[in-house]
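Below is one structure; the comments refer to it alone.
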Amino acid sequence: MTGQPIPVIIDCDTGVDDALALLFAVRHPGLELRAVSCVAGNTFVDQVVLNTLTVLEQAGAPAIPVARGAERPLIEPVRTAHHVHGRDGMGDLGLPAPRRTPADVDAVTLLRREILASPRPVTLIPTAPLTNIALLLRSHPEVTRNIERIVFMGGAVATGNATPVAEFNVWHDPEAAAILLSARVPITMYGLDVFQRVIVPAADVRRLRESSEPGARLAGRLLSHRDPATYQAPSDGLGDASGGLGDAGAVCSVADPEGLTTHRLPVEVNLTPGPARGQTIVDRRPRPGEAELHGEAREQPLLDVGLDVDVDRYVRLYLAAVEGDQCRGTRG
Ligand code: RIB
Ligand code: CA
């Protein structure tokens, strides 16, 4: 690693894989985690705050400010993902309650303060529904002057997960996602197409689980979490111990952008009611279509859309940072 660490802020709904993302962000020497803002998504926002503080404590992180944000999307009600992330939203691991309390300011206030106070432009990494970010951009548009770029986990070029076409974070608050896309800063979309591919092999997960170091051990336990709705334990009792990095992959792409292949493409969020609500419509056509030829096309924001990922590179990067052995990373 060369140069100064990249100042980053994570906006999350911790969340099994948000927890993996936080562990990586506090341990990678190329990143300086300045603050964490919490939003309702995988679980209710008060539980997100508790989970976030717990992870930071288990990671032995310094007192990074954590703030409570929006308790529901701009328009929709909260629709949690407890069926995926467990009753506590973070895998029901039975971790001790945090000793720390959150900041005495709300998430938007903390985000504004930390972005503007940073001596170098901040990279903002939302790994959750985009409600806090939309409120920030609408309340304090001046923050964009000190945002280097936004790398968000959300959306999908191909298949959705919340619906056949919509990814959870965008589906949960589509209006907020549309506001994010209109921000006049460079935006990278780390969508399901790459999100679902970065899997840590079983042997590495087992080693992490057996680590004597609490942060690495927590990573192993989080990677072992299974979606109870879809997971069927194999009859041999051994099971597949591999585990996905999920949101943590988005943070890897900030630490090591060369591991993510992006294309600059027009993206629009479908806001209409019905089966396509929350879909990110990514225009990959190689040439103008009928609407363009007839002067009927609307201008869409151009995003750097993640289309391919170097899985092995990000797995090694993650393990090197979380296990504290930079020799095995790609940048260490
Ligand atoms: O759709 C993927 C998102 O949902 C990620 O943010 C992950 O945390 C999951 O809850
Ligand atoms: Ca998340």
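Following the order of the structure tokens, first chain is A, next is B, and so on, with residues numbered from 1 inside each chain and ligands from 1 in the order they appear.
For ligand 2, the protein and nucleic acid residues at most 8 Å away, judged by only C-alpha atoms and all ligand atoms, amount to Cys12, Asp13, Thr14, Gly15, Val16, Asp17, Asp18, Gly41, Asn42, Thr127, Ala128, Pro129, Met153, Asn169 and Asp247 of chain A.
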Print the selection's residues with all heavy atoms to a file, as a compact mmCIF listing (two decimals), in the first residue's frame.
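Final output, selection_9.txt:
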```txt
# COMPACT_ATOMS: atom_id res chain seq x y z
N CYS A 12 -25.03 1.85 6.75
CA CYS A 12 -25.33 0.42 6.73
C CYS A 12 -26.61 0.07 7.48
O CYS A 12 -27.17 0.88 8.22
CB CYS A 12 -24.15 -0.35 7.33
SG CYS A 12 -23.69 0.21 8.96
N ASP A 13 -27.03 -1.19 7.29
CA ASP A 13 -28.19 -1.73 8.00
C ASP A 13 -27.78 -3.07 8.65
O ASP A 13 -28.42 -4.09 8.43
CB ASP A 13 -29.40 -1.90 7.07
CG ASP A 13 -29.13 -2.83 5.89
OD1 ASP A 13 -27.95 -3.09 5.59
OD2 ASP A 13 -30.10 -3.30 5.27
N THR A 14 -26.73 -3.03 9.40
CA THR A 14 -26.05 -4.22 9.97
C THR A 14 -27.02 -5.18 10.63
O THR A 14 -27.61 -4.88 11.66
CB THR A 14 -25.01 -3.76 11.02
OG1 THR A 14 -24.39 -2.57 10.55
CG2 THR A 14 -24.01 -4.83 11.35
N GLY A 15 -27.17 -6.32 10.08
CA GLY A 15 -26.82 -6.99 8.81
C GLY A 15 -25.54 -7.82 8.88
O GLY A 15 -24.48 -7.31 9.24
N VAL A 16 -25.73 -9.16 8.57
CA VAL A 16 -24.61 -10.08 8.58
C VAL A 16 -23.48 -9.58 7.70
O VAL A 16 -22.32 -9.49 8.14
CB VAL A 16 -25.07 -11.50 8.13
CG1 VAL A 16 -23.87 -12.41 7.93
CG2 VAL A 16 -26.03 -12.10 9.15
N ASP A 17 -23.77 -9.25 6.46
CA ASP A 17 -22.66 -8.90 5.57
C ASP A 17 -22.23 -7.44 5.73
O ASP A 17 -21.09 -7.10 5.41
CB ASP A 17 -22.98 -9.23 4.11
CG ASP A 17 -24.25 -8.58 3.62
OD1 ASP A 17 -25.17 -8.36 4.41
OD2 ASP A 17 -24.31 -8.27 2.41
N ASP A 18 -23.11 -6.59 6.27
CA ASP A 18 -22.64 -5.24 6.65
C ASP A 18 -21.59 -5.39 7.75
O ASP A 18 -20.61 -4.64 7.79
CB ASP A 18 -23.80 -4.41 7.21
CG ASP A 18 -24.96 -4.30 6.25
OD1 ASP A 18 -25.74 -5.27 6.18
OD2 ASP A 18 -25.10 -3.27 5.57
N GLY A 41 -33.37 -1.41 7.57
CA GLY A 41 -33.28 -2.24 6.36
C GLY A 41 -33.39 -3.69 6.76
O GLY A 41 -34.49 -4.19 7.00
N ASN A 42 -32.24 -4.33 6.92
CA ASN A 42 -32.25 -5.74 7.33
C ASN A 42 -33.01 -5.93 8.64
O ASN A 42 -33.64 -6.95 8.87
CB ASN A 42 -30.83 -6.26 7.51
CG ASN A 42 -30.10 -6.40 6.20
OD1 ASN A 42 -30.71 -6.72 5.18
ND2 ASN A 42 -28.81 -6.15 6.21
N THR A 127 -24.27 0.54 2.14
CA THR A 127 -24.48 -0.90 1.96
C THR A 127 -25.89 -1.25 2.43
O THR A 127 -26.12 -2.33 2.97
CB THR A 127 -23.44 -1.71 2.75
OG1 THR A 127 -23.57 -1.39 4.14
CG2 THR A 127 -22.02 -1.42 2.30
N ALA A 128 -26.82 -0.35 2.24
CA ALA A 128 -28.14 -0.46 2.85
C ALA A 128 -29.14 0.34 2.01
O ALA A 128 -28.74 1.04 1.07
CB ALA A 128 -28.08 0.10 4.27
N PRO A 129 -30.42 0.29 2.34
CA PRO A 129 -31.37 1.20 1.69
C PRO A 129 -30.87 2.64 1.78
O PRO A 129 -30.24 3.02 2.78
CB PRO A 129 -32.66 0.97 2.49
CG PRO A 129 -32.54 -0.44 2.96
CD PRO A 129 -31.08 -0.63 3.29
N MET A 153 -23.67 -0.52 -2.51
CA MET A 153 -24.16 -1.88 -2.77
C MET A 153 -25.64 -1.76 -3.00
O MET A 153 -26.40 -1.35 -2.11
CB MET A 153 -23.90 -2.80 -1.58
CG MET A 153 -24.19 -4.28 -1.89
SD MET A 153 -25.93 -4.67 -1.99
CE MET A 153 -26.03 -5.54 -3.53
N ASN A 169 -31.84 -3.44 -1.37
CA ASN A 169 -31.57 -2.07 -0.91
C ASN A 169 -32.31 -1.03 -1.74
O ASN A 169 -32.79 -0.02 -1.20
CB ASN A 169 -30.06 -1.77 -0.96
CG ASN A 169 -29.30 -2.52 0.11
OD1 ASN A 169 -29.86 -3.00 1.09
ND2 ASN A 169 -27.98 -2.66 -0.09
N ASP A 247 -21.87 -7.43 1.21
CA ASP A 247 -21.57 -5.99 1.27
C ASP A 247 -20.07 -5.70 1.39
O ASP A 247 -19.59 -4.65 0.94
CB ASP A 247 -22.25 -5.36 2.48
CG ASP A 247 -23.75 -5.25 2.33
OD1 ASP A 247 -24.25 -5.35 1.19
OD2 ASP A 247 -24.43 -5.08 3.36
```
Fewer than 6 positions away in the same chain doesn't count, so skip those; otherwise give me all residues within 10 Å of region 43-58 of chain A, counting only C-alpha atoms, as a ChimeraX atom specification.
/A:12-16,18-20,22-23,26,36-37,64-72,78-82,85-90,95-102,213-219
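DSSP annotation of region 5-60 of chain A from backbone atoms: helix (DSSP H, G or I) residues are A:Val16, A:Asp17, A:Asp18, A:Ala19, A:Leu20, A:Ala21, A:Leu22, A:Leu23, A:Phe24, A:Ala25, A:Val26, A:Arg27, A:Val45, A:Asp46, A:Gln47, A:Val48, A:Val49, A:Leu50, A:Asn51, A:Thr52, A:Leu53, A:Thr54, A:Val55, A:Leu56, A:Glu57, A:Gln58.
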Keeping N, CA, C and O atoms, export the residues of the selection given above as a compact mmCIF listing (two decimals), in the first residue's frame.
```
# COMPACT_ATOMS: atom_id res chain seq x y z
N VAL A 16 -25.73 -9.16 8.57
CA VAL A 16 -24.61 -10.08 8.58
C VAL A 16 -23.48 -9.58 7.70
O VAL A 16 -22.32 -9.49 8.14
N ASP A 17 -23.77 -9.25 6.46
CA ASP A 17 -22.66 -8.90 5.57
C ASP A 17 -22.23 -7.44 5.73
O ASP A 17 -21.09 -7.10 5.41
N ASP A 18 -23.11 -6.59 6.27
CA ASP A 18 -22.64 -5.24 6.65
C ASP A 18 -21.59 -5.39 7.75
O ASP A 18 -20.61 -4.64 7.79
N ALA A 19 -21.81 -6.34 8.66
CA ALA A 19 -20.83 -6.56 9.73
C ALA A 19 -19.49 -6.99 9.15
O ALA A 19 -18.43 -6.53 9.59
N LEU A 20 -19.53 -7.85 8.12
CA LEU A 20 -18.28 -8.24 7.44
C LEU A 20 -17.61 -7.02 6.81
O LEU A 20 -16.38 -6.89 6.82
N ALA A 21 -18.44 -6.12 6.27
CA ALA A 21 -17.91 -4.90 5.65
C ALA A 21 -17.23 -4.00 6.69
O ALA A 21 -16.16 -3.46 6.45
N LEU A 22 -17.86 -3.87 7.85
CA LEU A 22 -17.28 -3.02 8.91
C LEU A 22 -15.95 -3.59 9.39
O LEU A 22 -14.97 -2.86 9.59
N LEU A 23 -15.91 -4.91 9.58
CA LEU A 23 -14.67 -5.55 10.04
C LEU A 23 -13.53 -5.26 9.07
O LEU A 23 -12.40 -4.96 9.49
N PHE A 24 -13.82 -5.36 7.79
CA PHE A 24 -12.79 -5.10 6.78
C PHE A 24 -12.37 -3.63 6.81
O PHE A 24 -11.17 -3.31 6.77
N ALA A 25 -13.35 -2.74 6.89
CA ALA A 25 -13.04 -1.30 6.81
C ALA A 25 -12.16 -0.84 7.98
O ALA A 25 -11.30 0.01 7.80
N VAL A 26 -12.39 -1.40 9.16
CA VAL A 26 -11.57 -0.95 10.29
C VAL A 26 -10.19 -1.60 10.27
O VAL A 26 -9.26 -1.10 10.90
N ARG A 27 -10.04 -2.69 9.53
CA ARG A 27 -8.76 -3.40 9.58
C ARG A 27 -7.88 -3.18 8.36
O ARG A 27 -6.68 -3.47 8.41
N VAL A 45 -34.00 0.16 12.93
CA VAL A 45 -32.79 0.99 13.02
C VAL A 45 -32.14 0.92 14.41
O VAL A 45 -30.90 0.97 14.52
N ASP A 46 -32.93 0.79 15.47
CA ASP A 46 -32.29 0.72 16.80
C ASP A 46 -31.45 -0.54 16.93
O ASP A 46 -30.38 -0.53 17.56
N GLN A 47 -31.92 -1.62 16.33
CA GLN A 47 -31.13 -2.85 16.35
C GLN A 47 -29.89 -2.73 15.46
O GLN A 47 -28.82 -3.24 15.78
N VAL A 48 -30.03 -2.01 14.34
CA VAL A 48 -28.87 -1.76 13.47
C VAL A 48 -27.78 -1.03 14.25
O VAL A 48 -26.60 -1.37 14.17
N VAL A 49 -28.19 -0.05 15.05
CA VAL A 49 -27.22 0.71 15.85
C VAL A 49 -26.51 -0.23 16.83
O VAL A 49 -25.26 -0.23 16.93
N LEU A 50 -27.27 -1.05 17.54
CA LEU A 50 -26.67 -1.99 18.50
C LEU A 50 -25.71 -2.95 17.79
O LEU A 50 -24.58 -3.18 18.26
N ASN A 51 -26.16 -3.50 16.67
CA ASN A 51 -25.30 -4.44 15.93
C ASN A 51 -24.01 -3.78 15.48
O ASN A 51 -22.93 -4.37 15.56
N THR A 52 -24.14 -2.56 15.00
CA THR A 52 -22.96 -1.84 14.50
C THR A 52 -21.96 -1.58 15.62
O THR A 52 -20.74 -1.82 15.48
N LEU A 53 -22.46 -1.12 16.77
CA LEU A 53 -21.56 -0.87 17.90
C LEU A 53 -20.91 -2.16 18.38
O LEU A 53 -19.72 -2.20 18.72
N THR A 54 -21.68 -3.25 18.37
CA THR A 54 -21.14 -4.54 18.79
C THR A 54 -19.99 -4.98 17.88
O THR A 54 -18.93 -5.40 18.35
N VAL A 55 -20.20 -4.86 16.58
CA VAL A 55 -19.16 -5.28 15.64
C VAL A 55 -17.89 -4.46 15.84
O VAL A 55 -16.78 -5.00 15.88
N LEU A 56 -18.05 -3.15 15.98
CA LEU A 56 -16.87 -2.30 16.14
C LEU A 56 -16.12 -2.65 17.42
O LEU A 56 -14.89 -2.67 17.45
N GLU A 57 -16.86 -2.98 18.47
CA GLU A 57 -16.21 -3.38 19.72
C GLU A 57 -15.48 -4.71 19.56
O GLU A 57 -14.34 -4.88 20.00
N GLN A 58 -16.15 -5.66 18.93
CA GLN A 58 -15.52 -6.98 18.74
C GLN A 58 -14.27 -6.86 17.88
O GLN A 58 -13.33 -7.63 18.02
```
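For the set A:Glu148, A:Pro73, A:Ala59, A:Arg112, the residue with the smallest atom-to-atom gap to Val8 (chain A) is A:Glu148, counting only C-alpha atoms.
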I'd like a table as a tab-separated table: residues in region 167-186 of chain A with an atom no more than 7 Å from region 260-279 of chain A, each row giving the shortest atom pair and its distance in Å to one decimal, only C-alpha atoms counted, sorted by chain and rising residue number.
```
residue	atom	partner	partner_atom	distance
A:Val170	CA	A:Gly278	CA	5.5
A:Trp171	CA	A:Gly278	CA	4.2
A:Pro174	CA	A:Gly278	CA	5.1
A:Glu175	CA	A:Leu271	CA	6.8
A:Ala178	CA	A:Val269	CA	5.7
```
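Minimum atom-to-atom distance to Leu135 (chain A), evaluated using only C-alpha atoms, belongs to A:Asp106 out of A:Glu290, A:Glu323, A:Asp310, A:Asp106.
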Give me, as a VMD selection string, all polymer residues having an atom no more than 12 Å from Arg207 (chain A), counting only C-alpha atoms and skipping those fewer than 3 positions away in the same chain.
chain A and resid 200 to 204 210 to 213 216 to 221 223 to 224 241 to 242 319 323
Please produce a file of those selected residues containing all heavy atoms, as a short mmCIF file (atom, residue, chain, number, x, y, z; two decimals), in the first residue's frame.
```
data_model
loop_
_atom_site.label_atom_id
_atom_site.label_comp_id
_atom_site.auth_asym_id
_atom_site.auth_seq_id
_atom_site.Cartn_x
_atom_site.Cartn_y
_atom_site.Cartn_z
N VAL A 200 -16.01 -16.86 0.12
CA VAL A 200 -14.80 -17.30 0.83
C VAL A 200 -14.84 -18.82 0.95
O VAL A 200 -15.83 -19.38 1.44
CB VAL A 200 -14.73 -16.66 2.24
CG1 VAL A 200 -13.49 -17.13 2.98
CG2 VAL A 200 -14.75 -15.14 2.12
N PRO A 201 -13.78 -19.51 0.50
CA PRO A 201 -13.79 -20.98 0.55
C PRO A 201 -13.94 -21.53 1.97
O PRO A 201 -13.55 -20.89 2.96
CB PRO A 201 -12.43 -21.37 -0.04
CG PRO A 201 -12.00 -20.19 -0.85
CD PRO A 201 -12.57 -18.99 -0.15
N ALA A 202 -14.47 -22.75 2.03
CA ALA A 202 -14.78 -23.38 3.31
C ALA A 202 -13.57 -23.45 4.25
O ALA A 202 -13.68 -23.20 5.45
CB ALA A 202 -15.33 -24.78 3.06
N ALA A 203 -12.41 -23.80 3.71
CA ALA A 203 -11.22 -23.96 4.57
C ALA A 203 -10.87 -22.64 5.26
O ALA A 203 -10.48 -22.62 6.44
CB ALA A 203 -10.04 -24.45 3.74
N ASP A 204 -11.03 -21.53 4.54
CA ASP A 204 -10.72 -20.22 5.13
C ASP A 204 -11.75 -19.85 6.19
O ASP A 204 -11.40 -19.29 7.23
CB ASP A 204 -10.69 -19.15 4.03
CG ASP A 204 -9.55 -19.37 3.05
OD1 ASP A 204 -8.41 -19.53 3.50
OD2 ASP A 204 -9.82 -19.41 1.84
N GLU A 210 -11.96 -20.61 13.97
CA GLU A 210 -11.11 -21.15 15.05
C GLU A 210 -10.08 -20.14 15.53
O GLU A 210 -9.28 -20.44 16.42
CB GLU A 210 -10.40 -22.41 14.55
CG GLU A 210 -11.36 -23.58 14.44
CD GLU A 210 -10.83 -24.70 13.54
OE1 GLU A 210 -9.63 -24.68 13.23
OE2 GLU A 210 -11.65 -25.55 13.15
N SER A 211 -10.09 -18.94 14.98
CA SER A 211 -9.09 -17.94 15.37
C SER A 211 -9.26 -17.56 16.84
O SER A 211 -10.37 -17.52 17.38
CB SER A 211 -9.25 -16.69 14.50
OG SER A 211 -8.42 -15.66 14.97
N SER A 212 -8.14 -17.26 17.48
CA SER A 212 -8.21 -16.80 18.88
C SER A 212 -8.45 -15.29 18.94
O SER A 212 -8.65 -14.73 20.01
CB SER A 212 -6.91 -17.15 19.60
OG SER A 212 -5.83 -16.57 18.90
N GLU A 213 -8.43 -14.65 17.79
CA GLU A 213 -8.59 -13.18 17.75
C GLU A 213 -10.08 -12.89 17.52
O GLU A 213 -10.68 -13.39 16.56
CB GLU A 213 -7.70 -12.62 16.64
CG GLU A 213 -7.50 -11.12 16.69
CD GLU A 213 -8.72 -10.37 16.19
OE1 GLU A 213 -9.22 -10.72 15.11
OE2 GLU A 213 -9.17 -9.46 16.91
N ALA A 216 -11.45 -11.68 13.88
CA ALA A 216 -11.35 -12.72 12.84
C ALA A 216 -12.36 -13.84 13.13
O ALA A 216 -13.00 -14.36 12.21
CB ALA A 216 -9.93 -13.27 12.80
N ARG A 217 -12.49 -14.18 14.40
CA ARG A 217 -13.45 -15.24 14.75
C ARG A 217 -14.88 -14.81 14.41
O ARG A 217 -15.68 -15.60 13.89
CB ARG A 217 -13.32 -15.57 16.24
CG ARG A 217 -14.03 -16.86 16.63
CD ARG A 217 -13.60 -17.37 17.99
NE ARG A 217 -13.86 -16.43 19.07
CZ ARG A 217 -12.94 -15.80 19.78
NH1 ARG A 217 -11.65 -16.01 19.54
NH2 ARG A 217 -13.27 -14.96 20.74
N LEU A 218 -15.18 -13.54 14.67
CA LEU A 218 -16.51 -13.03 14.32
C LEU A 218 -16.73 -13.13 12.82
O LEU A 218 -17.81 -13.53 12.36
CB LEU A 218 -16.67 -11.59 14.81
CG LEU A 218 -17.98 -10.89 14.41
CD1 LEU A 218 -19.19 -11.66 14.91
CD2 LEU A 218 -17.99 -9.46 14.94
N ALA A 219 -15.71 -12.77 12.04
CA ALA A 219 -15.85 -12.88 10.58
C ALA A 219 -16.19 -14.31 10.18
O ALA A 219 -17.07 -14.55 9.34
CB ALA A 219 -14.57 -12.41 9.89
N GLY A 220 -15.52 -15.28 10.79
CA GLY A 220 -15.80 -16.69 10.49
C GLY A 220 -17.22 -17.07 10.84
O GLY A 220 -17.90 -17.79 10.09
N ARG A 221 -17.69 -16.59 11.98
CA ARG A 221 -19.06 -16.93 12.39
C ARG A 221 -20.09 -16.27 11.47
O ARG A 221 -21.10 -16.86 11.13
CB ARG A 221 -19.28 -16.51 13.85
CG ARG A 221 -18.36 -17.24 14.83
CD ARG A 221 -18.65 -16.84 16.25
NE ARG A 221 -19.94 -17.35 16.70
CZ ARG A 221 -20.58 -16.92 17.79
NH1 ARG A 221 -20.06 -15.95 18.52
NH2 ARG A 221 -21.73 -17.44 18.14
N LEU A 223 -19.59 -15.46 8.33
CA LEU A 223 -19.53 -16.13 7.03
C LEU A 223 -20.22 -17.49 7.07
O LEU A 223 -20.62 -18.03 6.04
CB LEU A 223 -18.06 -16.30 6.59
CG LEU A 223 -17.39 -15.03 6.09
CD1 LEU A 223 -15.87 -15.18 6.08
CD2 LEU A 223 -17.89 -14.67 4.68
N SER A 224 -20.37 -18.04 8.25
CA SER A 224 -21.05 -19.34 8.39
C SER A 224 -22.56 -19.19 8.47
O SER A 224 -23.28 -20.21 8.48
CB SER A 224 -20.57 -20.05 9.66
OG SER A 224 -19.18 -20.23 9.63
N ALA A 241 -19.20 -25.10 4.01
CA ALA A 241 -18.83 -24.07 4.98
C ALA A 241 -18.42 -22.76 4.32
O ALA A 241 -18.05 -21.82 5.01
CB ALA A 241 -17.69 -24.58 5.87
N SER A 242 -18.45 -22.67 2.98
CA SER A 242 -18.05 -21.43 2.35
C SER A 242 -19.08 -20.33 2.67
O SER A 242 -20.21 -20.63 3.06
CB SER A 242 -17.94 -21.62 0.83
OG SER A 242 -19.20 -21.96 0.30
N LEU A 319 -9.24 -11.56 3.62
CA LEU A 319 -8.62 -12.39 4.66
C LEU A 319 -7.36 -11.72 5.20
O LEU A 319 -7.11 -11.73 6.42
CB LEU A 319 -8.30 -13.78 4.10
CG LEU A 319 -9.52 -14.62 3.71
CD1 LEU A 319 -9.07 -15.89 3.00
CD2 LEU A 319 -10.37 -14.95 4.94
N GLU A 323 -7.48 -10.91 9.08
CA GLU A 323 -6.58 -11.74 9.89
C GLU A 323 -5.29 -11.02 10.24
O GLU A 323 -4.44 -11.58 10.93
CB GLU A 323 -6.26 -13.04 9.15
CG GLU A 323 -7.48 -13.93 9.01
CD GLU A 323 -7.16 -15.28 8.41
OE1 GLU A 323 -6.81 -15.33 7.22
OE2 GLU A 323 -7.25 -16.27 9.14
#
```
For Ala156 (chain A): contacts at 9 Å, only C-alpha atoms, fewer than 6 positions along chain excluded, given as a list in words:
Val165, Ala166, Glu167, Met189, Tyr190, Gly191, Leu192, Asp193, Val194, Gln279, Thr280, Ile281 and Val282 of chain A
If you run DSSP over the backbone, which residues in region 51-285 of chain A end up strand (DSSP E)? Put them as a PyMOL selection string.
chain A and resi 66-68+122-126+147-153+187-190+199-200+243-244+260-269+280-282
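Nearest to ligand 1 of all the residues A:Gln300, A:Thr163, A:Ser253, A:Ser182 is A:Thr163, based on only C-alpha atoms and all ligand atoms.
Across A:His172, A:Arg138, A:Arg34, A:Arg149, the tightest approach to ligand 1 is made by A:His172 when counting only C-alpha atoms and all ligand atoms.
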